[in-house]
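Q: Just query-v8.cif, nothing more (mmCIF, C-alpha atoms):
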data_target
loop_
_atom_site.group_PDB
_atom_site.id
_atom_site.type_symbol
_atom_site.label_atom_id
_atom_site.label_comp_id
_atom_site.auth_asym_id
_atom_site.auth_seq_id
_atom_site.Cartn_x
_atom_site.Cartn_y
_atom_site.Cartn_z
ATOM 1 C CA MET A 897 0.000 0.000 0.000
ATOM 2 C CA ILE A 898 1.204 3.436 -0.869
ATOM 3 C CA SER A 899 1.321 5.910 1.887
ATOM 4 C CA ARG A 900 0.301 9.454 1.112
ATOM 5 C CA PRO A 901 2.054 12.302 2.705
ATOM 6 C CA PRO A 902 0.048 14.581 4.945
ATOM 7 C CA THR A 903 -1.591 17.448 3.091
ATOM 8 C CA ALA A 904 -1.608 21.034 4.145
ATOM 9 C CA ALA A 905 -4.971 22.398 5.065
ATOM 10 C CA ALA A 906 -6.206 25.770 3.944
ATOM 11 C CA ASP A 907 -5.866 27.033 7.514
ATOM 12 C CA GLY A 908 -2.254 25.898 7.614
ATOM 13 C CA GLY A 909 -2.911 22.707 9.616
ATOM 14 C CA GLU A 910 -2.388 19.206 8.379
ATOM 15 C CA HIS A 911 -5.154 16.741 7.509
ATOM 16 C CA ARG A 912 -4.502 13.099 7.728
ATOM 17 C CA ALA A 913 -6.264 10.696 5.394
ATOM 18 C CA ASP A 914 -7.886 7.557 6.769
ATOM 19 C CA ALA A 915 -6.746 4.062 5.915
ATOM 20 C CA ARG A 916 -8.453 4.245 2.516
ATOM 21 C CA GLY A 917 -6.998 7.569 1.746
ATOM 22 C CA THR A 918 -10.195 9.554 2.341
ATOM 23 C CA PRO A 919 -9.765 12.925 4.008
ATOM 24 C CA PRO A 920 -11.587 13.174 7.391
ATOM 25 C CA GLU A 921 -13.921 15.981 6.182
ATOM 26 C CA LEU A 922 -15.107 13.849 3.294
ATOM 27 C CA ALA A 923 -15.569 10.841 5.555
ATOM 28 C CA ALA A 924 -17.620 12.989 7.964
ATOM 29 C CA ALA A 925 -19.718 14.295 5.062
ATOM 30 C CA PHE A 926 -20.356 10.750 3.829
ATOM 31 C CA ALA A 927 -21.305 9.654 7.345
ATOM 32 C CA ALA A 928 -23.703 12.603 7.712
ATOM 33 C CA PHE A 929 -25.136 11.863 4.266
ATOM 34 C CA THR A 930 -25.598 8.180 5.129
ATOM 35 C CA GLU A 931 -27.250 9.069 8.434
ATOM 36 C CA THR A 932 -29.541 11.652 6.791
ATOM 37 C CA SER A 933 -30.363 9.209 3.995
ATOM 38 C CA ALA A 934 -31.298 6.514 6.525
ATOM 39 C CA LEU A 935 -33.424 9.039 8.444
ATOM 40 C CA LEU A 936 -35.200 10.083 5.217
ATOM 41 C CA GLN A 937 -35.805 6.431 4.316
ATOM 42 C CA ARG A 938 -37.356 5.758 7.749
ATOM 43 C CA SER A 939 -39.485 8.934 7.483
ATOM 44 C CA TYR A 940 -40.606 7.965 3.982
ATOM 45 C CA ALA A 941 -41.502 4.440 5.153
ATOM 46 C CA GLU A 942 -43.476 5.931 8.074
ATOM 47 C CA LEU A 943 -45.280 8.307 5.711
ATOM 48 C CA GLN A 944 -46.091 5.441 3.346
ATOM 49 C CA GLN A 945 -47.503 3.458 6.267
ATOM 50 C CA ARG A 946 -49.542 6.443 7.431
ATOM 51 C CA VAL A 947 -50.911 6.942 3.893
ATOM 52 C CA THR A 948 -51.825 3.242 3.768
ATOM 53 C CA ASP A 949 -53.535 3.473 7.178
ATOM 54 C CA LEU A 950 -55.461 6.609 6.195
ATOM 55 C CA THR A 951 -56.444 5.070 2.856
ATOM 56 C CA ASN A 952 -57.810 2.019 4.700
ATOM 57 C CA GLU A 953 -59.674 4.219 7.189
ATOM 58 C CA LEU A 954 -61.130 6.257 4.350
ATOM 59 C CA SER A 955 -62.162 3.115 2.514
ATOM 60 C CA GLU A 956 -63.870 1.742 5.633
ATOM 61 C CA ALA A 957 -65.639 5.053 6.276
ATOM 62 C CA ARG A 958 -66.746 5.228 2.647
ATOM 63 C CA SER A 959 -68.079 1.665 2.786
ATOM 64 C CA ALA A 960 -69.980 2.444 5.984
ATOM 65 C CA ARG A 961 -71.357 5.645 4.465
ATOM 66 C CA LEU A 962 -72.464 3.801 1.313
ATOM 67 C CA ALA A 963 -74.165 1.142 3.437
ATOM 68 C CA GLN A 964 -75.899 3.877 5.452
ATOM 69 C CA LEU A 965 -76.970 5.628 2.253
ATOM 70 C CA ALA A 966 -78.323 2.370 0.820
ATOM 71 C CA GLU A 967 -80.314 1.786 4.019
ATOM 72 C CA THR A 968 -81.659 5.355 3.931
ATOM 73 C CA GLU A 969 -82.699 4.927 0.302
ATOM 74 C CA ARG A 970 -84.359 1.604 1.143
ATOM 75 C CA LEU A 971 -86.311 3.205 3.986
ATOM 76 C CA ALA A 972 -87.294 6.174 1.807
ATOM 77 C CA SER A 973 -88.482 3.815 -0.907
ATOM 78 C CA ARG A 974 -90.474 1.792 1.622
ATOM 79 C CA LEU A 975 -92.042 4.933 3.081
ATOM 80 C CA SER A 976 -92.901 6.193 -0.390
ATOM 81 C CA SER A 977 -94.471 2.845 -1.226
ATOM 82 C CA LEU A 978 -96.483 2.856 2.001
ATOM 83 C CA LEU A 979 -97.737 6.387 1.379
ATOM 84 C CA ALA A 980 -98.736 5.484 -2.162
ATOM 85 C CA THR A 981 -100.749 2.443 -1.044
ATOM 86 C CA LEU A 982 -102.595 4.071 1.865
ATOM 87 C CA PRO A 983 -106.358 4.057 1.347
ATOM 88 C CA GLY A 984 -106.578 7.704 2.335
ATOM 89 C CA ALA A 985 -105.055 10.993 1.363
ATOM 90 C CA VAL A 986 -101.883 12.152 3.101
ATOM 91 C CA VAL A 987 -100.778 15.780 2.952
ATOM 92 C CA VAL A 988 -97.628 17.207 4.549
ATOM 93 C CA LEU A 989 -97.712 20.924 5.352
ATOM 94 C CA ASP A 990 -94.821 23.258 6.105
ATOM 95 C CA GLU A 991 -94.900 25.802 8.939
ATOM 96 C CA GLN A 992 -96.768 28.324 6.731
ATOM 97 C CA GLY A 993 -99.521 25.817 5.891
ATOM 98 C CA ARG A 994 -98.315 25.178 2.341
ATOM 99 C CA ILE A 995 -98.370 21.647 0.955
ATOM 100 C CA GLN A 996 -94.847 20.212 0.839
ATOM 101 C CA ASP A 997 -95.712 16.669 -0.152
ATOM 102 C CA HIS A 998 -98.719 14.438 -0.712
ATOM 103 C CA ASN A 999 -99.623 10.969 -1.872
ATOM 104 C CA ASP A 1000 -101.647 9.827 -4.893
ATOM 105 C CA GLY A 1001 -104.798 9.657 -2.752
ATOM 106 C CA ALA A 1002 -104.541 13.405 -2.129
ATOM 107 C CA SER A 1003 -104.042 14.075 -5.833
ATOM 108 C CA ALA A 1004 -107.128 12.007 -6.632
ATOM 109 C CA LEU A 1005 -109.207 13.813 -4.023
ATOM 110 C CA PHE A 1006 -108.026 17.395 -4.529
ATOM 111 C CA GLY A 1007 -106.673 17.327 -8.068
ATOM 112 C CA SER A 1008 -103.198 18.355 -9.096
ATOM 113 C CA PRO A 1009 -100.893 20.192 -8.688
ATOM 114 C CA LEU A 1010 -100.936 20.398 -4.916
ATOM 115 C CA THR A 1011 -97.307 20.978 -3.982
ATOM 116 C CA GLY A 1012 -96.820 24.571 -2.851
ATOM 117 C CA ALA A 1013 -100.570 25.269 -2.588
ATOM 118 C CA ASP A 1014 -102.031 26.855 0.558
ATOM 119 C CA TRP A 1015 -103.939 24.178 2.510
ATOM 120 C CA GLN A 1016 -106.537 26.699 3.700
ATOM 121 C CA GLN A 1017 -107.453 27.343 0.051
ATOM 122 C CA VAL A 1018 -107.342 23.709 -1.100
ATOM 123 C CA LEU A 1019 -109.638 22.278 1.575
ATOM 124 C CA PRO A 1020 -112.638 24.555 0.938
ATOM 125 C CA SER A 1021 -112.401 23.780 -2.777
ATOM 126 C CA ILE A 1022 -113.832 20.295 -2.149
ATOM 127 C CA ALA A 1023 -115.744 20.557 1.130
ATOM 128 C CA ALA A 1024 -119.341 21.657 1.078
ATOM 129 C CA ARG A 1025 -119.496 22.015 4.861
ATOM 130 C CA SER A 1026 -118.375 20.539 8.124
ATOM 131 C CA ALA A 1027 -120.326 17.331 8.728
ATOM 132 C CA ASP A 1028 -120.181 17.206 12.497
ATOM 133 C CA GLY A 1029 -118.503 20.393 13.614
ATOM 134 C CA GLY A 1030 -115.386 18.309 14.322
ATOM 135 C CA GLY A 1031 -112.996 16.432 12.151
ATOM 136 C CA GLU A 1032 -115.408 15.409 9.387
ATOM 137 C CA LEU A 1033 -116.296 17.175 6.169
ATOM 138 C CA LEU A 1034 -119.295 16.639 3.931
ATOM 139 C CA LEU A 1035 -118.523 16.926 0.227
ATOM 140 C CA ALA A 1036 -120.921 18.248 -2.373
ATOM 141 C CA ASP A 1037 -121.263 14.719 -3.781
ATOM 142 C CA GLY A 1038 -122.406 13.393 -0.378
ATOM 143 C CA ARG A 1039 -119.185 11.710 0.683
ATOM 144 C CA ARG A 1040 -117.916 12.173 4.222
ATOM 145 C CA LEU A 1041 -114.243 12.672 4.961
ATOM 146 C CA SER A 1042 -112.468 12.334 8.269
ATOM 147 C CA VAL A 1043 -109.632 14.837 8.607
ATOM 148 C CA SER A 1044 -106.991 14.440 11.289
ATOM 149 C CA ALA A 1045 -103.807 16.459 11.703
ATOM 150 C CA ARG A 1046 -100.706 15.898 13.786
ATOM 151 C CA PRO A 1047 -97.513 17.943 14.207
ATOM 152 C CA LEU A 1048 -94.436 16.476 12.572
ATOM 153 C CA GLU A 1049 -91.923 15.221 15.121
ATOM 154 C CA GLY A 1050 -88.495 16.767 14.860
ATOM 155 C CA GLU A 1051 -89.462 19.433 12.327
ATOM 156 C CA SER A 1052 -91.993 22.187 11.849
ATOM 157 C CA GLY A 1053 -95.196 21.574 9.964
ATOM 158 C CA ARG A 1054 -98.038 19.076 10.138
ATOM 159 C CA ILE A 1055 -99.178 15.870 8.521
ATOM 160 C CA ILE A 1056 -102.826 15.531 7.604
ATOM 161 C CA LEU A 1057 -104.629 12.238 6.996
ATOM 162 C CA ILE A 1058 -107.923 12.364 5.125
ATOM 163 C CA THR A 1059 -110.015 9.209 5.048
ATOM 164 C CA ASP A 1060 -113.303 8.565 3.249
ATOM 165 C CA VAL A 1061 -115.670 7.430 6.016
ATOM 166 C CA THR A 1062 -118.850 7.531 3.897
ATOM 167 C CA GLU A 1063 -119.427 3.773 3.980
ATOM 168 C CA THR A 1064 -118.631 3.548 7.685
ATOM 169 C CA ARG A 1065 -121.110 6.317 8.543
ATOM 170 C CA GLU A 1066 -123.781 4.740 6.312
ATOM 171 C CA LEU A 1067 -123.290 1.394 8.087
ATOM 172 C CA GLN A 1068 -123.456 3.106 11.475
ATOM 173 C CA SER A 1069 -126.643 4.891 10.465
ATOM 174 C CA LEU A 1070 -128.149 1.630 9.213
ATOM 175 C CA LEU A 1071 -127.191 -0.134 12.440
ATOM 176 C CA GLU A 1072 -128.719 2.660 14.549
ATOM 177 C CA ARG A 1073 -131.909 2.449 12.461
ATOM 178 C CA GLN A 1074 -132.051 -1.320 12.908
ATOM 179 C CA GLU A 1075 -131.538 -0.952 16.657
ATOM 180 C CA ARG A 1076 -134.363 1.629 16.857
ATOM 181 C CA LEU A 1077 -136.704 -0.622 14.853
ATOM 182 C CA SER A 1078 -135.732 -3.565 16.984
ATOM 183 C CA ALA A 1079 -136.386 -1.573 20.163
ATOM 184 C CA MET A 1080 -139.810 -0.484 18.842
ATOM 185 C CA GLY A 1081 -140.715 -4.080 18.004
ATOM 186 C CA GLU A 1082 -140.152 -5.364 21.520
#
Starting from the coordinates I provided, produce the structure as structure tokens.

A:
Amino acid sequence: MISRPPTAAADGGEHRADARGTPPELAAAFAAFTETSALLQRSYAELQQRVTDLTNELSEARSARLAQLAETERLASRLSSLLATLPGAVVVLDEQGRIQDHNDGASALFGSPLTGADWQQVLPSIAARSADGGGELLLADGRRLSVSARPLEGESGRIILITDVTETRELQSLLERQERLSAMGE
């Protein structure tokens, strides 16, 4: 092996090379570079792991949200189906008394369009008069409607259920008549 003579430093001192002939400043720079490179590799690996973890969390949250959305859509579809098949008319009013929503029974009874109409103007358009001073209306065609309203839970407005009770009242009247005739015959 060839031995190198000591070199003069810029400040006048001597620098000794290591066994491989590398000056100490260069060796220190390589060591610092190697250490920094290792630190960057560890940091990069940690960042990659964190990205993977966050991606998995996001994927799980998205899956849960999609499942929740699917369940909400299923419930909305079921509710819509139930409202459509009810034998009566259903009308949902906002806080100002305007119709927000209704089922097909309401459209058949009141005509269309109903959404946005003022309930206080729609109701008199079909009712001839109050049948009993309470929750029943007598229509011009002789039908009787039962009208019941309830506040909506958790929001402002009301839901109104209108049921045709004509046949029920006719049967009640017939039963009362039969009972009177039966009582007179005894």

Q: Between A:Leu1005, A:Ala1079, A:Leu1034, A:Val987, single out the one closest to Leu1048 in chain A, counting all atoms listed in the file.

A: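 Closest to Leu1048 in chain A of all the choices is A:Val987.
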
Q: What is the CA of Glu1032 in chain A to CA of Ser1052 in chain A distance in Å?

A: 24.5 Å

Q: Tell me which residues come within 12 Å of (-115.0, 21.5, -1.8), as a list in words, counting all atoms listed in the file in the file's coordinates.

A: Leu1005, Phe1006, Gly1007, Gln1016, Gln1017, Val1018, Leu1019, Pro1020, Ser1021, Ile1022, Ala1023, Ala1024, Arg1025, Ser1026, Leu1033, Leu1034, Leu1035, Ala1036, Asp1037, Gly1038, Arg1039, Arg1040 and Leu1041 of chain A

Q: Take CA of Ser977 in chain A and CA of Asp1000 in chain A and report the distance between them in Å, one decimal.

A: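 Rounded to one decimal, the two atoms are 10.7 Å apart.
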
Q: So, with all atoms listed in the file as the atoms that count, which of A:Ala1004, A:Leu1077, A:Leu922, A:Leu1010 lies closest to Val988 in chain A?

A: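 Residue with the minimum atom-to-atom distance to Val988 in chain A: A:Leu1010.
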
Q: Which distance in Å separates CA of Pro983 in chain A and CA of Asp1060 in chain A, to one decimal?

A: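 Those two atoms sit 8.5 Å apart.
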
Q: Can you pull out the residues contacting Thr1011 in chain A? Cut-off 7 Å, using only C-alpha atoms, and skip same-chain residues under 2 positions away; I want them as a CSV table (one decimal) with C-alpha atoms, keeping the file's coordinate frame.

A:
chain,number,residue,atom,x,y,z
A,995,ILE,CA,-98.4,21.6,1.0
A,996,GLN,CA,-94.8,20.2,0.8
A,997,ASP,CA,-95.7,16.7,-0.2
A,1009,PRO,CA,-100.9,20.2,-8.7
A,1013,ALA,CA,-100.6,25.3,-2.6

Q: So that all listed atoms of range 1038-1049 of chain A fit with 4 Å spare on each side, what axis-aligned box centre and edge lengths in Å, to one decimal, would you give as JSON?

A:
{"center_x": -107.2, "center_y": 14.8, "center_z": 7.4, "size_x": 38.5, "size_y": 14.2, "size_z": 23.5}

Q: For Arg1054 in chain A, find every residue with an atom within 7 Å (counting all atoms listed in the file), except residues of its own chain fewer than 4 positions away, and show them as a list in words.

A: Val988, Leu989, Asp990, Ala1045, Arg1046, Pro1047 and Leu1048 of chain A
